[in-house]
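Text of coords-v4.txt (compact mmCIF, C-alpha atoms) as supplied:
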```
# COMPACT_ATOMS: atom_id res chain seq x y z
CA MET A 1 0.00 0.00 0.00
CA ILE A 2 1.29 3.46 -0.94
CA VAL A 3 0.78 6.07 1.79
CA CYS A 4 0.38 9.82 1.19
CA ARG A 5 1.62 11.69 4.24
CA SER A 6 -0.07 14.58 6.03
CA LYS A 7 1.59 17.97 6.53
CA ALA A 8 2.38 17.07 10.15
CA GLU A 9 3.97 13.78 9.07
CA ILE A 10 5.99 15.53 6.36
CA ASP A 11 7.28 18.00 8.98
CA ARG A 12 8.57 15.04 11.01
CA LEU A 13 10.04 13.45 7.89
CA ARG A 14 11.76 16.73 7.04
CA ARG A 15 13.40 16.85 10.49
CA VAL A 16 14.86 13.35 10.32
CA ASN A 17 15.96 13.70 6.72
CA GLN A 18 17.71 17.01 7.43
CA LEU A 19 19.48 15.27 10.31
CA VAL A 20 20.65 12.51 7.98
CA GLY A 21 21.76 15.09 5.41
CA ARG A 22 23.79 17.02 8.00
CA ILE A 23 25.55 13.93 9.34
CA LEU A 24 26.27 12.70 5.83
CA ALA A 25 27.78 16.10 5.00
CA ASP A 26 30.06 15.74 8.03
CA LEU A 27 31.07 12.24 6.94
CA ARG A 28 31.79 13.57 3.45
CA GLY A 29 34.32 15.97 4.97
CA ARG A 30 35.89 13.33 7.21
CA ALA A 31 36.41 10.72 4.48
CA ALA A 32 40.10 11.07 3.58
CA PRO A 33 43.24 8.99 3.06
CA GLY A 34 44.26 7.29 6.31
CA VAL A 35 40.74 7.16 7.78
CA THR A 36 39.13 3.76 8.38
CA THR A 37 35.54 3.02 7.47
CA GLN A 38 34.99 1.91 11.09
CA GLU A 39 35.93 5.41 12.25
CA LEU A 40 33.32 6.93 9.93
CA ASP A 41 30.71 4.51 11.24
CA ALA A 42 31.49 5.27 14.89
CA TYR A 43 31.23 9.00 14.23
CA ALA A 44 27.91 8.58 12.43
CA GLU A 45 26.38 6.52 15.23
CA ALA A 46 27.53 8.99 17.88
CA GLN A 47 25.99 11.91 15.96
CA VAL A 48 22.70 10.08 15.37
CA ARG A 49 22.32 9.18 19.03
CA ALA A 50 23.39 12.64 20.21
CA ALA A 51 20.46 14.05 18.23
CA GLY A 52 18.04 11.74 20.05
CA ALA A 53 17.59 9.54 16.99
CA GLU A 54 18.35 5.89 16.27
CA PRO A 55 20.42 4.37 13.47
CA ALA A 56 17.96 3.00 10.91
CA PHE A 57 20.28 0.37 9.46
CA LYS A 58 21.88 -1.10 12.59
CA GLY A 59 20.09 -4.37 13.35
CA TYR A 60 17.91 -4.14 10.22
CA HIS A 61 17.73 -7.75 9.05
CA GLY A 62 20.90 -8.23 11.11
CA TYR A 63 23.01 -5.48 9.50
CA PRO A 64 25.79 -4.71 12.01
CA ALA A 65 26.51 -0.99 11.54
CA THR A 66 25.07 2.53 11.30
CA VAL A 67 26.29 3.28 7.78
CA CYS A 68 26.94 1.25 4.66
CA VAL A 69 30.40 2.04 3.26
CA SER A 70 31.19 0.73 -0.21
CA VAL A 71 34.65 1.26 -1.73
CA ASN A 72 35.53 1.24 -5.44
CA GLU A 73 33.95 -1.89 -6.99
CA GLN A 74 31.63 -2.31 -4.01
CA VAL A 75 28.15 -1.22 -5.10
CA VAL A 76 26.16 -1.07 -1.88
CA HIS A 77 25.83 -2.51 1.66
CA GLY A 78 29.56 -2.62 2.38
CA ILE A 79 30.21 -3.24 6.10
CA PRO A 80 32.49 -0.82 8.01
CA SER A 81 35.83 -2.36 8.97
CA ALA A 82 39.46 -1.59 9.76
CA ARG A 83 40.04 -0.94 6.05
CA THR A 84 41.95 2.30 5.60
CA LEU A 85 40.95 4.60 2.77
CA VAL A 86 43.73 5.44 0.34
CA ASP A 87 44.30 8.14 -2.23
CA GLY A 88 42.36 7.35 -5.41
CA ASP A 89 39.52 5.39 -3.77
CA ILE A 90 35.90 6.32 -4.23
CA LEU A 91 33.65 5.75 -1.21
CA SER A 92 29.86 5.41 -1.18
CA ILE A 93 28.29 6.24 2.19
CA ASP A 94 24.64 5.30 2.73
CA MET A 95 22.95 6.08 6.03
CA GLY A 96 19.53 6.28 7.61
CA ALA A 97 18.06 7.36 10.93
CA LYS A 98 14.78 7.11 12.81
CA LEU A 99 13.45 10.09 14.76
CA ASP A 100 10.01 10.62 16.26
CA GLY A 101 8.66 7.53 14.49
CA PHE A 102 9.84 8.44 10.97
CA PHE A 103 12.82 7.53 8.80
CA GLY A 104 15.39 9.42 6.76
CA ASP A 105 17.67 7.94 4.10
CA CYS A 106 20.45 9.44 1.97
CA ALA A 107 23.63 8.38 0.19
CA VAL A 108 26.62 10.01 -1.48
CA THR A 109 29.79 8.84 -3.21
CA VAL A 110 32.92 10.86 -2.51
CA PRO A 111 36.43 10.90 -3.99
CA ILE A 112 39.24 10.07 -1.58
CA GLY A 113 42.14 12.35 -2.30
CA ARG A 114 42.92 12.60 -5.99
CA VAL A 115 40.95 10.16 -8.16
CA SER A 116 41.16 9.24 -11.82
CA PRO A 117 39.32 11.28 -14.46
CA GLU A 118 37.18 8.20 -15.14
CA ALA A 119 36.13 8.04 -11.49
CA GLU A 120 35.36 11.77 -11.46
CA THR A 121 33.12 11.36 -14.49
CA LEU A 122 31.33 8.37 -12.97
CA LEU A 123 30.54 10.34 -9.81
CA LYS A 124 29.38 13.38 -11.76
CA VAL A 125 27.11 11.39 -14.08
CA THR A 126 25.60 9.36 -11.23
CA GLN A 127 24.79 12.48 -9.23
CA GLU A 128 23.33 14.12 -12.32
CA ALA A 129 21.23 10.99 -12.93
CA LEU A 130 19.83 11.25 -9.40
CA PHE A 131 18.69 14.82 -10.07
CA MET A 132 17.30 13.79 -13.47
CA GLY A 133 15.18 11.21 -11.65
CA ILE A 134 14.13 13.76 -9.04
CA ASP A 135 13.17 16.22 -11.76
CA ALA A 136 10.70 13.63 -13.10
CA VAL A 137 8.80 13.71 -9.78
CA LYS A 138 5.53 15.65 -9.93
CA PRO A 139 1.85 14.94 -9.30
CA GLY A 140 0.37 12.78 -12.04
CA ALA A 141 3.70 11.39 -13.27
CA ARG A 142 4.29 7.65 -13.15
CA VAL A 143 6.77 5.91 -10.85
CA SER A 144 8.65 4.49 -13.85
CA ASP A 145 9.27 8.00 -15.22
CA ILE A 146 11.94 8.33 -12.52
CA GLY A 147 13.91 5.29 -13.60
CA ALA A 148 13.52 6.11 -17.28
CA ALA A 149 15.14 9.51 -16.69
CA VAL A 150 17.98 7.95 -14.69
CA GLN A 151 18.71 5.24 -17.27
CA ARG A 152 18.59 7.64 -20.20
CA HIS A 153 21.23 9.91 -18.66
CA VAL A 154 23.50 7.10 -17.42
CA GLU A 155 23.56 5.18 -20.68
CA ALA A 156 24.08 8.34 -22.74
CA HIS A 157 27.46 8.58 -21.01
CA GLY A 158 28.38 4.93 -21.58
CA PHE A 159 27.79 3.67 -18.03
CA SER A 160 25.29 1.06 -16.79
CA VAL A 161 22.49 1.00 -14.22
CA VAL A 162 22.39 -1.69 -11.52
CA ARG A 163 19.17 -3.70 -11.73
CA GLU A 164 19.23 -5.70 -8.49
CA PHE A 165 18.77 -2.76 -6.09
CA VAL A 166 16.09 -0.09 -6.34
CA GLY A 167 14.71 2.96 -4.59
CA HIS A 168 11.63 2.81 -2.40
CA GLY A 169 8.93 4.59 -0.52
CA ILE A 170 9.86 5.68 3.00
CA GLY A 171 7.98 7.00 6.02
CA SER A 172 7.08 5.21 9.24
CA ALA A 173 9.03 2.23 7.87
CA LEU A 174 12.45 2.33 6.24
CA HIS A 175 11.20 0.55 3.12
CA GLU A 176 7.66 1.13 1.89
CA GLU A 177 5.86 0.92 -1.42
CA PRO A 178 6.42 1.76 -4.20
CA GLN A 179 9.65 0.23 -5.41
CA ILE A 180 11.50 2.62 -7.73
CA ALA A 181 13.66 0.94 -10.36
CA ASN A 182 16.42 3.01 -11.92
CA TYR A 183 15.76 1.67 -15.41
CA GLY A 184 12.96 0.78 -17.80
CA PRO A 185 10.40 2.64 -19.91
CA GLY A 186 8.46 5.58 -18.53
CA GLY A 187 4.69 5.85 -18.26
CA ARG A 188 4.21 2.77 -16.09
CA GLY A 189 3.39 2.01 -12.48
CA PRO A 190 1.41 4.00 -9.93
CA ARG A 191 0.79 7.70 -10.44
CA LEU A 192 2.62 10.04 -8.10
CA SER A 193 0.40 11.98 -5.72
CA GLU A 194 0.97 14.83 -3.30
CA GLY A 195 2.31 13.51 0.02
CA MET A 196 4.11 10.46 -1.36
CA VAL A 197 7.65 10.19 0.02
CA LEU A 198 10.30 8.47 -2.11
CA ALA A 199 13.92 7.48 -1.60
CA ILE A 200 15.47 7.71 -5.07
CA GLU A 201 18.89 6.05 -5.34
CA PRO A 202 20.62 5.23 -8.61
CA MET A 203 23.60 2.87 -8.46
CA VAL A 204 25.76 3.16 -11.56
CA ASN A 205 28.63 0.96 -12.75
CA PHE A 206 31.53 2.04 -14.91
CA GLY A 207 31.33 -1.31 -16.73
CA ASP A 208 28.74 -4.07 -16.89
CA PRO A 209 25.57 -3.75 -14.77
CA ALA A 210 25.87 -7.23 -13.22
CA VAL A 211 26.61 -7.51 -9.49
CA LYS A 212 27.18 -10.28 -6.97
CA VAL A 213 26.96 -10.46 -3.16
CA LEU A 214 30.06 -11.49 -1.22
CA GLY A 215 30.25 -14.18 1.44
CA ASP A 216 29.40 -11.75 4.25
CA GLY A 217 25.84 -11.80 2.89
CA TRP A 218 25.74 -8.01 2.51
CA THR A 219 28.45 -6.45 0.36
CA ALA A 220 27.42 -6.24 -3.31
CA VAL A 221 30.22 -5.77 -5.85
CA THR A 222 30.42 -5.39 -9.62
CA ARG A 223 30.98 -8.74 -11.30
CA ASP A 224 33.57 -7.28 -13.66
CA GLY A 225 35.45 -5.43 -10.90
CA SER A 226 34.63 -1.99 -12.34
CA LEU A 227 33.96 1.07 -10.19
CA SER A 228 30.45 1.80 -8.92
CA ALA A 229 28.81 4.97 -7.56
CA HIS A 230 25.64 5.52 -5.51
CA PHE A 231 23.71 8.71 -4.73
CA GLU A 232 20.37 9.01 -2.91
CA HIS A 233 17.92 11.67 -1.76
CA THR A 234 14.57 11.39 -0.02
CA VAL A 235 11.89 13.43 -1.81
CA VAL A 236 8.26 14.32 -1.08
CA VAL A 237 5.76 14.95 -3.88
CA THR A 238 4.27 18.43 -3.48
CA GLY A 239 1.27 20.08 -5.11
CA ASP A 240 3.40 21.49 -7.92
CA GLY A 241 6.49 19.26 -8.00
CA ARG A 242 8.77 17.96 -5.29
CA GLU A 243 10.81 18.91 -2.22
CA ILE A 244 14.16 17.20 -1.56
CA LEU A 245 14.00 16.51 2.16
CA THR A 246 17.65 15.49 2.50
CA LEU A 247 19.10 18.40 0.50
CA LEU A 248 20.88 20.86 2.76
CA GLU A 249 20.61 24.56 1.98
CA GLN A 250 24.37 24.82 1.43
CA ASP A 251 24.17 22.10 -1.26
CA ALA A 252 21.22 23.54 -3.18
CA ASP A 253 23.35 25.82 -5.37
CA LYS A 254 25.60 22.89 -6.31
CA ALA A 255 22.52 20.89 -7.28
CA ARG A 256 21.32 23.71 -9.52
CA GLU A 257 24.77 23.92 -11.13
CA LEU A 258 24.61 20.23 -11.97
CA LEU A 259 21.22 20.59 -13.61
CA PRO A 260 20.49 24.22 -14.39
CA HIS A 261 17.23 23.37 -16.18
CA ALA A 262 15.82 21.11 -13.47
CA HIS A 263 13.18 22.38 -11.05
CA LEU A 264 14.82 21.52 -7.75
```
Please express what this file holds, its structure, as structure tokens.
Amino acid sequence: MIVCRSKAEIDRLRRVNQLVGRILADLRGRAAPGVTTQELDAYAEAQVRAAGAEPAFKGYHGYPATVCVSVNEQVVHGIPSARTLVDGDILSIDMGAKLDGFFGDCAVTVPIGRVSPEAETLLKVTQEALFMGIDAVKPGARVSDIGAAVQRHVEAHGFSVVREFVGHGIGSALHEEPQIANYGPGGRGPRLSEGMVLAIEPMVNFGDPAVKVLGDGWTAVTRDGSLSAHFEHTVVVTGDGREILTLLEQDADKARELLPHAHL
């Protein structure tokens, strides 16, 4: 069942998603050569709990940490460890929190030190694809319009969209209906209505779209060993478009630079 949230519920969703956005921005600044992914996770959990919130991922189906940290060929759900980040890595950080009964969810991929031009392009295109998908969100549009916009942009640049993992509705549960694929034709699926809250999260591979899950039961990697990037925002459908709940004010200008013709 797809739920359309009331103004009061959206206010609560805005608070938790802004919290997630702020902590993720801090993590973005802390991710650097010499830092371990465990250190990033410990910082994230401390900040979540200091705000009176709970980590959304920790304990979810047995996941052991506050953030998912996926390095280079790791696509999603990488587990924090003693691994030290090195110059040239790319790091995807995905985190969620629960506050006042509602969930926030956001992800970003960051360069560690100086990365290759190919990695820079992958990150840029994946972030642009996220905003292309967000720009497709408006009352009366179809759910599949989001994925169609993402796929069109990604494949125009020679990259591929991961099929196995998709975006989702979010609210009083971390994962709600509808599922939001990042590929496929537009004009299909449920119509978007004011009050629907969506976590849109393209995962894009430099090479082939195929992935596999490692023996830890969580970490998904590209089958061909190519780099992968992941960006996510939580968005609410408004009367005339959308509001990005996880977008911080200081990042709004950057978003408009990426897509000057999008209505963000």
Atomic distance CA of Pro33 in chain A - CA of Asp87 in chain A, expressed in Å with one decimal: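 It comes out at 5.5 Å.
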Just the number, please: distance in Å from CA of Gly29 in chain A to CA of Leu248 in chain A, one decimal.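 Going from CA of Gly29 in chain A over to CA of Leu248 in chain A, I get 14.5 Å.
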Show me as a ChimeraX atom specification the residues that reach within 9 Å of (29.5, 0.2, -13.4), counting only C-alpha atoms and using the file's own coordinates. /A:73,75,122,159-162,203-210,222,224-229
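If all atoms listed in the file are the atoms counted, then among A:Val67, A:Leu91, A:Val236, A:Val110 the closest residue to Lys124 in chain A is A:Val110.
Between CA of Thr234 in chain A and CA of Ser6 in chain A lies a distance of 16.2 Å.
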Who sits within 9 Å of Asp240 in chain A, all atoms listed in the file, same chain under 6 positions skipped, as a PDB file with C-alpha atoms, in the frame of the given file:
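out-v1.pdb, written as the output of this step:
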```
ATOM      1  CA  LYS A 138       5.530  15.650  -9.930  1.00  0.00           C
ATOM      2  CA  PRO A 139       1.850  14.940  -9.300  1.00  0.00           C
ATOM      3  CA  GLU A 194       0.970  14.830  -3.300  1.00  0.00           C
TER       4      GLU A 194
END
```
Counting only C-alpha atoms, the residue of A:Val166, A:Val71, A:Cys106, A:Leu27 that sits nearest Ala46 in chain A: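 Looking at the shortest contact to Ala46 in chain A, the residue is A:Leu27.
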Please, could N, CA and C atoms be added to range 14-46 of chain A and the result written as a compact mmCIF listing (two decimals), keeping the file's coordinate frame?
```
# COMPACT_ATOMS: atom_id res chain seq x y z
N ARG A 14 10.77 15.70 7.39
CA ARG A 14 11.76 16.73 7.04
C ARG A 14 12.84 16.81 8.13
N ARG A 15 12.43 16.75 9.39
CA ARG A 15 13.40 16.85 10.49
C ARG A 15 14.41 15.70 10.45
N VAL A 16 13.92 14.49 10.30
CA VAL A 16 14.86 13.35 10.32
C VAL A 16 15.72 13.32 9.08
N ASN A 17 15.16 13.71 7.95
CA ASN A 17 15.96 13.70 6.72
C ASN A 17 17.00 14.81 6.72
N GLN A 18 16.69 15.97 7.29
CA GLN A 18 17.71 17.01 7.43
C GLN A 18 18.83 16.57 8.37
N LEU A 19 18.47 15.83 9.41
CA LEU A 19 19.48 15.27 10.31
C LEU A 19 20.42 14.34 9.55
N VAL A 20 19.84 13.43 8.77
CA VAL A 20 20.65 12.51 7.98
C VAL A 20 21.53 13.28 7.01
N GLY A 21 20.97 14.29 6.35
CA GLY A 21 21.76 15.09 5.41
C GLY A 21 22.93 15.78 6.08
N ARG A 22 22.71 16.32 7.29
CA ARG A 22 23.79 17.02 8.00
C ARG A 22 24.91 16.05 8.40
N ILE A 23 24.53 14.90 8.92
CA ILE A 23 25.55 13.93 9.34
C ILE A 23 26.32 13.41 8.13
N LEU A 24 25.61 13.17 7.04
CA LEU A 24 26.27 12.70 5.83
C LEU A 24 27.24 13.76 5.29
N ALA A 25 26.87 15.03 5.41
CA ALA A 25 27.78 16.10 5.00
C ALA A 25 29.04 16.10 5.85
N ASP A 26 28.90 15.85 7.16
CA ASP A 26 30.06 15.74 8.03
C ASP A 26 30.94 14.55 7.63
N LEU A 27 30.31 13.43 7.35
CA LEU A 27 31.07 12.24 6.94
C LEU A 27 31.83 12.49 5.64
N ARG A 28 31.19 13.21 4.73
CA ARG A 28 31.79 13.57 3.45
C ARG A 28 33.12 14.30 3.69
N GLY A 29 33.11 15.21 4.67
CA GLY A 29 34.32 15.97 4.97
C GLY A 29 35.37 15.17 5.71
N ARG A 30 34.96 14.13 6.43
CA ARG A 30 35.89 13.33 7.21
C ARG A 30 36.51 12.19 6.41
N ALA A 31 35.90 11.83 5.30
CA ALA A 31 36.41 10.72 4.48
C ALA A 31 37.67 11.17 3.75
N ALA A 32 38.81 10.61 4.12
CA ALA A 32 40.10 11.07 3.58
C ALA A 32 41.11 9.93 3.67
N PRO A 33 42.20 10.02 2.93
CA PRO A 33 43.24 8.99 3.06
C PRO A 33 43.68 8.83 4.52
N GLY A 34 43.83 7.58 4.95
CA GLY A 34 44.26 7.29 6.31
C GLY A 34 43.14 7.04 7.29
N VAL A 35 41.91 7.37 6.92
CA VAL A 35 40.74 7.16 7.78
C VAL A 35 40.19 5.76 7.52
N THR A 36 39.76 5.06 8.57
CA THR A 36 39.13 3.76 8.38
C THR A 36 37.62 3.91 8.25
N THR A 37 37.00 2.96 7.60
CA THR A 37 35.54 3.02 7.47
C THR A 37 34.86 2.78 8.81
N GLN A 38 35.53 2.07 9.74
CA GLN A 38 34.99 1.91 11.09
C GLN A 38 34.92 3.25 11.81
N GLU A 39 35.92 4.09 11.60
CA GLU A 39 35.93 5.41 12.25
C GLU A 39 34.76 6.25 11.77
N LEU A 40 34.47 6.18 10.47
CA LEU A 40 33.32 6.93 9.93
C LEU A 40 32.02 6.41 10.53
N ASP A 41 31.92 5.10 10.68
CA ASP A 41 30.71 4.51 11.24
C ASP A 41 30.51 4.92 12.70
N ALA A 42 31.59 4.89 13.48
CA ALA A 42 31.49 5.27 14.89
C ALA A 42 31.06 6.72 15.03
N TYR A 43 31.61 7.59 14.19
CA TYR A 43 31.23 9.00 14.23
C TYR A 43 29.75 9.16 13.89
N ALA A 44 29.31 8.47 12.84
CA ALA A 44 27.91 8.58 12.43
C ALA A 44 26.97 8.13 13.54
N GLU A 45 27.27 7.01 14.17
CA GLU A 45 26.38 6.52 15.23
C GLU A 45 26.34 7.49 16.40
N ALA A 46 27.49 8.03 16.78
CA ALA A 46 27.53 8.99 17.88
C ALA A 46 26.68 10.22 17.57
```
